[in-house]
Amino acid sequence: MRFSFSAEQEEFRATVRRALEARSPTKEVRRLMATEAGFERDGWQKLNQELGLTALHIPEAYGGGGFGYSELGIVLEEMGRGLLCAPYFSTAALATTAILNAGTEDQKKALLPGLADGTVTATLAFAEESGSNDPASIALTASPSGATWRLDGTKSFVLDGHTADLVVVVARRPGSSGEDGISFFTVDGNAPGLGRRKLKTMDETRKLAHLTFKSVEARLLGKEGAGAAALAKTMQQALICLASEMVGSAERLREDALEYVKMRMQFGRSIASFQTTKNKAADMLVDVELAKSAAYYAAAALDEGDADIAALASLAKASAAEACVQTAVHAVQMHGGIGFTWDNDTHLWFKRAKSSEILFGDANEHREKMMQAWAN
Amino acid sequence: MSTTEPTEESVRSEVGAWLKANWNPDLGLVEWREKLCESGWGAPHWPKQWYGRDLPVKFNAIVDEEFAKVGAVGVAKAGIRTLAAATILAHGTDLHKEKFLKRILTGEDTWCQLFSEPGSGSDMAGAVTRADKRGNKWVINGQKVWTTSAHKAHWGLLLARANWDVAKHKGLAYFVLDMKQPGVQVHPLKQMNGHASFNQVFFTDAQVEPEMMICDVGDGWTVATTTLMHERRGADGLRSWATPSGAKGRIYDEERAEIATVMEPYKWYPQRAGRVDLVMQRARETGKINDPVIRQEIAKLLIMSKSAEWTARRARAAQNQGKPQGPEGSLGKLVASHVARQAARVHTYLTGADALLSGEDSPMNGVIAEILISVPASSIAGGTDEIQRNIISERVLKMPREMSVDTNKPFKDVPRNIVSSS
């Protein structure tokens, strides 16, 4: 197992960071988060193609860069730091991995090049009204209709679901239950019968949508009824991606708070000279560095095909969720009154921390999943 | 002797040939180590003049490997004696080197470190043990504490105040003190876990010859810093040097006895770290593994301890690549005490009413009880959590240093603890 990034990986990180700093200052984040789509297609396509971001972990045979989750993790960490408003997590971390896990060779060849070059945005619709991450909660049905399928039901909490060109949907055979009868389908974003409504979100930088399916035409992705394993794998990969993003956000929160307390004067001295502030800053560093270690380890384990990946993915998510939220809470506190204002940028990352904490299951849920893997 | 630059291969073949010609497990431990001193293979990175071979320190691993191949015993490396050697090599006179270094390597002399005092723990430079020049001798009065192996030691590394009219760090002197003299009394210090791994050392007109001062009055703190730096660096080494060989023979018996003596004070240290390794086994044995609340606490512990391990490996990987030390390298001590505390919490939950008991009445013949009452040491010994946070915030995060109220005036005017000195 590698415990350090290579010179090439460090170089790549620096390139992504520079690009995001230039393209996504918080002024731009605030402008885009207030739009209906949450991003601008032209700007995103240009940045994506320059850096090859959505192509990164797609194998070269499908028009991708052939890199692994460690590299994808670097991009996501930088996105968590830069809070870029773009359908990247939905397209790369969710839809692409789902297609890689579930799709046939022909389907990968047909679908992935468009995702790789950024002309197509995509997402994965799996959770429903309950928001549960348990496959047993999936009720949306898929019925055969000639050469295609018809989907009926609802999906919710779908990342960028209101704008995605392509929606990968997890559905079940009517009458099936639990993990049986689960299949993946692809649906066009503008398919007749598909109702899409943007949800009002606490974290405005991460758009979520509610989708209704009324006899929507869909194409089967992979084998009918055999999607449970691919879904589990996709969720593990998504958890590790989200952990990477969260540790990037956490580090940014930590650095900004540190910079602020060094500058802020009270009682005739820098508030960074108070031990109560210094102790908090030291604890924040510990929290963030431990969570980074877990996220890096899990991404490397994914690349190495580690058999323990289910536990490691949950470990990384639980660790990052606790660290990121705790860091956000400390960061607001260290800013004092100004930290509670809309004009100060801290709340942008605070809200991202809260949304990431809950997305795909909170720390309690993932600690339990980790124990199921290790204790049972 | 060859004048070409040594290489891995040349060192390997040279030491291998020397061992082939000289290693003899039937020798006595001291007898064998005297040969190591003569040849320089016992401490190859030391100067040629002083029992070494002037080899770069990176070759030590090669030499160790060759020793291991033939099962050869090395010089005495465990214990405070290594700190004494490092300090004397860096700051001592030829007289000190002549008198002490060889007997350190052979293991004939043992040492202790007389730094901490009842009134100065974290603030070690606030020492108030007195060194007064009377006639031709230094006379020492005062008290030291937390002194590992003082009851066995022949010599002590002593930090004492020789000038009270200058600032805190400027008035300290550093001595080598003969522990076997009437003015030195050693009493064991019993800890809350019942062990007595450390000592209190009392000085009543203890005497030091003037030539046994290392550097001048005023340089004592600088010398002490060297000792402390090696103490920190050596923390990892202690474990590896303290693993005795299982081989049969007189020399191995003697080495095993030496290691057993040095390691005796540390026998409860695994419990101090929280024994994370026992948690899953205990959870299964007690059936608590099915308790959802306790599962959460176990998971928190495992996440923390695994992340701590991975963070340490990140730090090591960066070091091996020659990268400048990142923040991940400064967190280990603080994280270890978080892990220990959480482990003690989990062991308490797992043990239930049995955690009221100790010794043979309690689980694992007292091991669990020992965890619960030893863990508090992990956030104090070797730098408290509070000091660690200050180090992290000041050195890593570059936050302002704490305002000093004691360094800009004569030490005699600095408020300090009232501690009876005998």
# chains A, B, ... in the order shown; residues from 1 in each chain; ligands from 1
$ select_by_dssp --residues "region 253-372 of chain A" --states "strand (DSSP E or B)" --output "ChimeraX atom specification"
/A:265-266,269-270
$ write_last_selection --atoms "C-alpha atoms" --output "compact mmCIF listing (two decimals), in the first residue's frame"
# COMPACT_ATOMS: atom_id res chain seq x y z
CA MET A 265 -7.18 41.35 17.28
CA GLN A 266 -9.04 41.51 20.61
CA ARG A 269 -3.51 40.90 20.98
CA SER A 270 -4.09 38.43 18.19
$ select_by_dssp --residues "region 211-368 of chain A" --states "alpha helix (DSSP H)" --output "JSON, numbers by chain"
{"A": [228, 229, 230, 231, 232, 233, 234, 235, 236, 237, 238, 239, 240, 241, 242, 243, 244, 245, 246, 247, 248, 249, 250, 251, 252, 253, 254, 255, 256, 257, 258, 259, 260, 261, 262, 263, 275, 276, 277, 278, 279, 280, 281, 282, 283, 284, 285, 286, 287, 288, 289, 290, 291, 292, 293, 294, 295, 296, 297, 298, 299, 300, 301, 302, 303, 309, 310, 311, 312, 313, 314, 315, 316, 317, 318, 319, 320, 321, 322, 323, 324, 325, 326, 327, 328, 329, 330, 331, 332, 333, 334, 335, 346, 347, 348, 349, 350, 351, 352, 353, 354, 355, 356, 357, 358, 363, 364, 365, 366, 367, 368]}
$ write_last_selection --atoms "C-alpha atoms" --output "mmCIF file, in the first residue's frame"
data_model
loop_
_atom_site.group_PDB
_atom_site.id
_atom_site.type_symbol
_atom_site.label_atom_id
_atom_site.label_comp_id
_atom_site.auth_asym_id
_atom_site.auth_seq_id
_atom_site.Cartn_x
_atom_site.Cartn_y
_atom_site.Cartn_z
ATOM 1 C CA ALA A 228 -27.596 -5.630 -6.229
ATOM 2 C CA ALA A 229 -23.857 -6.358 -6.289
ATOM 3 C CA ALA A 230 -23.152 -3.538 -8.732
ATOM 4 C CA LEU A 231 -25.205 -1.171 -6.595
ATOM 5 C CA ALA A 232 -23.301 -2.144 -3.448
ATOM 6 C CA LYS A 233 -19.999 -1.608 -5.245
ATOM 7 C CA THR A 234 -21.134 1.728 -6.640
ATOM 8 C CA MET A 235 -22.137 2.881 -3.176
ATOM 9 C CA GLN A 236 -18.746 1.883 -1.723
ATOM 10 C CA GLN A 237 -16.995 3.866 -4.425
ATOM 11 C CA ALA A 238 -19.311 6.823 -3.921
ATOM 12 C CA LEU A 239 -18.642 6.784 -0.170
ATOM 13 C CA ILE A 240 -14.892 6.938 -0.724
ATOM 14 C CA CYS A 241 -15.331 9.717 -3.287
ATOM 15 C CA LEU A 242 -17.489 11.660 -0.856
ATOM 16 C CA ALA A 243 -14.957 11.127 1.936
ATOM 17 C CA SER A 244 -12.283 12.587 -0.352
ATOM 18 C CA GLU A 245 -14.455 15.596 -1.087
ATOM 19 C CA MET A 246 -15.206 16.100 2.603
ATOM 20 C CA VAL A 247 -11.578 16.092 3.712
ATOM 21 C CA GLY A 248 -10.901 18.748 1.078
ATOM 22 C CA SER A 249 -13.715 20.876 2.494
ATOM 23 C CA ALA A 250 -12.516 20.249 6.037
ATOM 24 C CA GLU A 251 -8.990 21.355 5.249
ATOM 25 C CA ARG A 252 -10.243 24.533 3.602
ATOM 26 C CA LEU A 253 -12.428 25.318 6.631
ATOM 27 C CA ARG A 254 -9.488 24.702 8.930
ATOM 28 C CA GLU A 255 -7.097 26.873 6.937
ATOM 29 C CA ASP A 256 -9.541 29.757 6.575
ATOM 30 C CA ALA A 257 -10.346 29.745 10.292
ATOM 31 C CA LEU A 258 -6.643 29.680 11.150
ATOM 32 C CA GLU A 259 -5.915 32.572 8.819
ATOM 33 C CA TYR A 260 -8.781 34.540 10.364
ATOM 34 C CA VAL A 261 -7.731 34.087 14.007
ATOM 35 C CA LYS A 262 -4.171 35.067 13.153
ATOM 36 C CA MET A 263 -5.473 38.353 11.780
ATOM 37 C CA GLN A 275 -4.350 29.050 24.293
ATOM 38 C CA THR A 276 -8.043 28.258 24.011
ATOM 39 C CA THR A 277 -7.837 29.191 20.327
ATOM 40 C CA LYS A 278 -4.517 27.429 19.810
ATOM 41 C CA ASN A 279 -5.776 24.229 21.413
ATOM 42 C CA LYS A 280 -8.838 24.242 19.184
ATOM 43 C CA ALA A 281 -6.696 24.816 16.096
ATOM 44 C CA ALA A 282 -4.438 21.906 17.084
ATOM 45 C CA ASP A 283 -7.452 19.628 17.613
ATOM 46 C CA MET A 284 -8.812 20.645 14.213
ATOM 47 C CA LEU A 285 -5.533 19.670 12.593
ATOM 48 C CA VAL A 286 -5.671 16.264 14.285
ATOM 49 C CA ASP A 287 -9.270 15.676 13.145
ATOM 50 C CA VAL A 288 -8.575 16.657 9.550
ATOM 51 C CA GLU A 289 -5.291 14.764 9.210
ATOM 52 C CA LEU A 290 -6.783 11.539 10.604
ATOM 53 C CA ALA A 291 -9.749 11.796 8.235
ATOM 54 C CA LYS A 292 -7.400 12.481 5.313
ATOM 55 C CA SER A 293 -5.405 9.356 6.175
ATOM 56 C CA ALA A 294 -8.602 7.289 6.172
ATOM 57 C CA ALA A 295 -9.820 8.744 2.852
ATOM 58 C CA TYR A 296 -6.421 8.243 1.181
ATOM 59 C CA TYR A 297 -6.147 4.711 2.509
ATOM 60 C CA ALA A 298 -9.645 3.784 1.316
ATOM 61 C CA ALA A 299 -9.037 5.211 -2.179
ATOM 62 C CA ALA A 300 -5.752 3.312 -2.466
ATOM 63 C CA ALA A 301 -7.464 0.152 -1.192
ATOM 64 C CA LEU A 302 -10.115 0.571 -3.892
ATOM 65 C CA ASP A 303 -7.403 0.800 -6.549
ATOM 66 C CA ILE A 309 -13.386 -2.432 0.897
ATOM 67 C CA ALA A 310 -16.938 -2.400 2.305
ATOM 68 C CA ALA A 311 -15.624 -1.748 5.816
ATOM 69 C CA LEU A 312 -12.959 0.696 4.633
ATOM 70 C CA ALA A 313 -15.485 2.724 2.622
ATOM 71 C CA SER A 314 -17.768 3.043 5.639
ATOM 72 C CA LEU A 315 -14.787 3.839 7.870
ATOM 73 C CA ALA A 316 -13.644 6.635 5.550
ATOM 74 C CA LYS A 317 -17.145 8.089 5.282
ATOM 75 C CA ALA A 318 -17.768 8.008 9.038
ATOM 76 C CA SER A 319 -14.375 9.529 9.770
ATOM 77 C CA ALA A 320 -14.714 12.295 7.166
ATOM 78 C CA ALA A 321 -18.288 13.096 8.210
ATOM 79 C CA GLU A 322 -17.345 13.602 11.867
ATOM 80 C CA ALA A 323 -14.172 15.524 11.045
ATOM 81 C CA CYS A 324 -15.715 17.787 8.441
ATOM 82 C CA VAL A 325 -18.746 18.751 10.526
ATOM 83 C CA GLN A 326 -16.672 19.239 13.667
ATOM 84 C CA THR A 327 -14.231 21.410 11.734
ATOM 85 C CA ALA A 328 -17.101 23.455 10.298
ATOM 86 C CA VAL A 329 -18.563 24.004 13.760
ATOM 87 C CA HIS A 330 -15.166 25.109 15.095
ATOM 88 C CA ALA A 331 -14.591 27.297 12.040
ATOM 89 C CA VAL A 332 -17.809 29.262 12.579
ATOM 90 C CA GLN A 333 -16.951 29.591 16.281
ATOM 91 C CA MET A 334 -13.437 30.835 15.571
ATOM 92 C CA HIS A 335 -14.829 33.508 13.296
ATOM 93 C CA THR A 346 -17.713 29.996 6.142
ATOM 94 C CA HIS A 347 -21.392 29.041 5.867
ATOM 95 C CA LEU A 348 -20.883 27.803 2.305
ATOM 96 C CA TRP A 349 -18.567 25.046 3.580
ATOM 97 C CA PHE A 350 -20.549 24.572 6.810
ATOM 98 C CA LYS A 351 -23.599 23.703 4.722
ATOM 99 C CA ARG A 352 -21.601 21.485 2.391
ATOM 100 C CA ALA A 353 -20.269 19.707 5.486
ATOM 101 C CA LYS A 354 -23.795 19.145 6.773
ATOM 102 C CA SER A 355 -25.081 17.899 3.421
ATOM 103 C CA SER A 356 -22.116 15.545 2.999
ATOM 104 C CA GLU A 357 -22.541 14.301 6.556
ATOM 105 C CA ILE A 358 -25.999 12.986 5.727
ATOM 106 C CA ALA A 363 -21.549 8.375 10.709
ATOM 107 C CA ASN A 364 -23.701 6.167 12.968
ATOM 108 C CA GLU A 365 -24.979 4.219 9.989
ATOM 109 C CA HIS A 366 -21.483 3.682 8.604
ATOM 110 C CA ARG A 367 -19.895 2.792 11.926
ATOM 111 C CA GLU A 368 -22.540 0.073 12.194
#
$ closest_residue --among "B:Thr87, B:Ser307, B:Thr286, B:Thr106" --to "chain A" --atoms "only C-alpha atoms"
B:Ser307
$ closest_residue --among "B:Gln49, B:Thr243, B:Gln319, B:Gln342" --to "chain A" --atoms "only C-alpha atoms"
B:Gln319
$ interface_residues --of "chain B" --to "chain A" --cutoff "7 Å" --atoms "only C-alpha atoms" --output "list in words"
Arg295, Gln296, Ala299, Ile303, Ser307, Ala308, Trp310, Thr311, Arg313, Arg314, Ala317, Ala318, Glu328, Leu331, Arg389, Asn390, Ile392, Ser393, Met399, Pro400, Arg401 and Glu402 of chain B
$ closest_residue --among "B:Cys112, B:Ile418, B:Ile298, B:Ala43" --to "His154 (chain B)" --atoms "only C-alpha atoms"
B:Cys112
$ closest_residue --among "A:Leu76, A:Leu84, A:Met202, A:Leu20" --to "Glu40 (chain A)" --atoms "only C-alpha atoms"
A:Leu84
$ residues_around --residues "Met179 (chain B)" --least-positions-apart "5" --cutoff "7 Å" --atoms "only C-alpha atoms" --output "VMD selection string"
chain B and resid 153 to 156 184
$ residues_around --residues "Met263 (chain B)" --least-positions-apart "4" --cutoff "9 Å" --atoms "only C-alpha atoms" --output "list in words"
Ala78, Gly79, Ala242, Glu258, Ile259 and Lys267 of chain B
$ write_last_selection --atoms "C-alpha atoms" --output "compact mmCIF listing (two decimals), in the first residue's frame"
# COMPACT_ATOMS: atom_id res chain seq x y z
CA ALA B 78 18.57 -0.17 25.67
CA GLY B 79 17.98 2.36 28.39
CA ALA B 242 14.52 -4.60 23.88
CA GLU B 258 20.34 -7.05 30.91
CA ILE B 259 17.24 -6.42 28.78
CA LYS B 267 5.98 -3.80 31.68
$ atom_distance --atom1 "CA of Glu297 (chain B)" --atom2 "CA of Ala355 (chain B)"
17.1 Å
$ residues_around --residues "Val16 (chain A)" --least-positions-apart "6" --cutoff "12 Å" --atoms "only C-alpha atoms" --output "list in words"
Gln9, Glu10, Ala22, Arg23, Ser24, Leu47, Asn48, Glu50, Leu51, Gly52, Leu53, Glu71, Leu72, Gly73, Ile74, Val75, Leu76, Glu77, Glu78, Met79, Gly80, Arg81, Gly82 and Leu84 of chain A
$ write_last_selection --atoms "C-alpha atoms" --output "short mmCIF file (atom, residue, chain, number, x, y, z; two decimals), in the first residue's frame"
data_model
loop_
_atom_site.label_atom_id
_atom_site.label_comp_id
_atom_site.auth_asym_id
_atom_site.auth_seq_id
_atom_site.Cartn_x
_atom_site.Cartn_y
_atom_site.Cartn_z
CA GLN A 9 -0.06 13.04 -8.53
CA GLU A 10 1.14 16.07 -6.56
CA ALA A 22 -9.05 30.78 -10.86
CA ARG A 23 -12.49 29.53 -11.99
CA SER A 24 -14.31 29.13 -8.72
CA LEU A 47 -12.75 23.37 -17.53
CA ASN A 48 -13.57 19.66 -17.71
CA GLU A 50 -8.87 21.20 -20.18
CA LEU A 51 -8.18 18.99 -17.16
CA GLY A 52 -9.83 15.74 -18.31
CA LEU A 53 -11.78 15.52 -15.09
CA GLU A 71 -6.55 10.32 -8.74
CA LEU A 72 -10.33 10.76 -8.68
CA GLY A 73 -9.98 11.31 -4.95
CA ILE A 74 -7.47 14.10 -5.58
CA VAL A 75 -9.94 15.90 -7.87
CA LEU A 76 -12.78 15.47 -5.40
CA GLU A 77 -10.63 16.68 -2.52
CA GLU A 78 -9.82 19.79 -4.52
CA MET A 79 -13.51 20.22 -5.42
CA GLY A 80 -14.38 20.01 -1.74
CA ARG A 81 -11.81 22.71 -1.13
CA GLY A 82 -12.89 24.89 -4.05
CA LEU A 84 -16.87 24.11 -7.60
#
$ residues_around --residues "Leu101 (chain B)" --least-positions-apart "5" --cutoff "10 Å" --atoms "only C-alpha atoms" --output "list in words"
Cys37, Trp50, Tyr51, Arg81, Thr82, Ala84, Ala85, Ala86, Ile88, Leu89, His96, Thr106, Gly107 and Asp109 of chain B
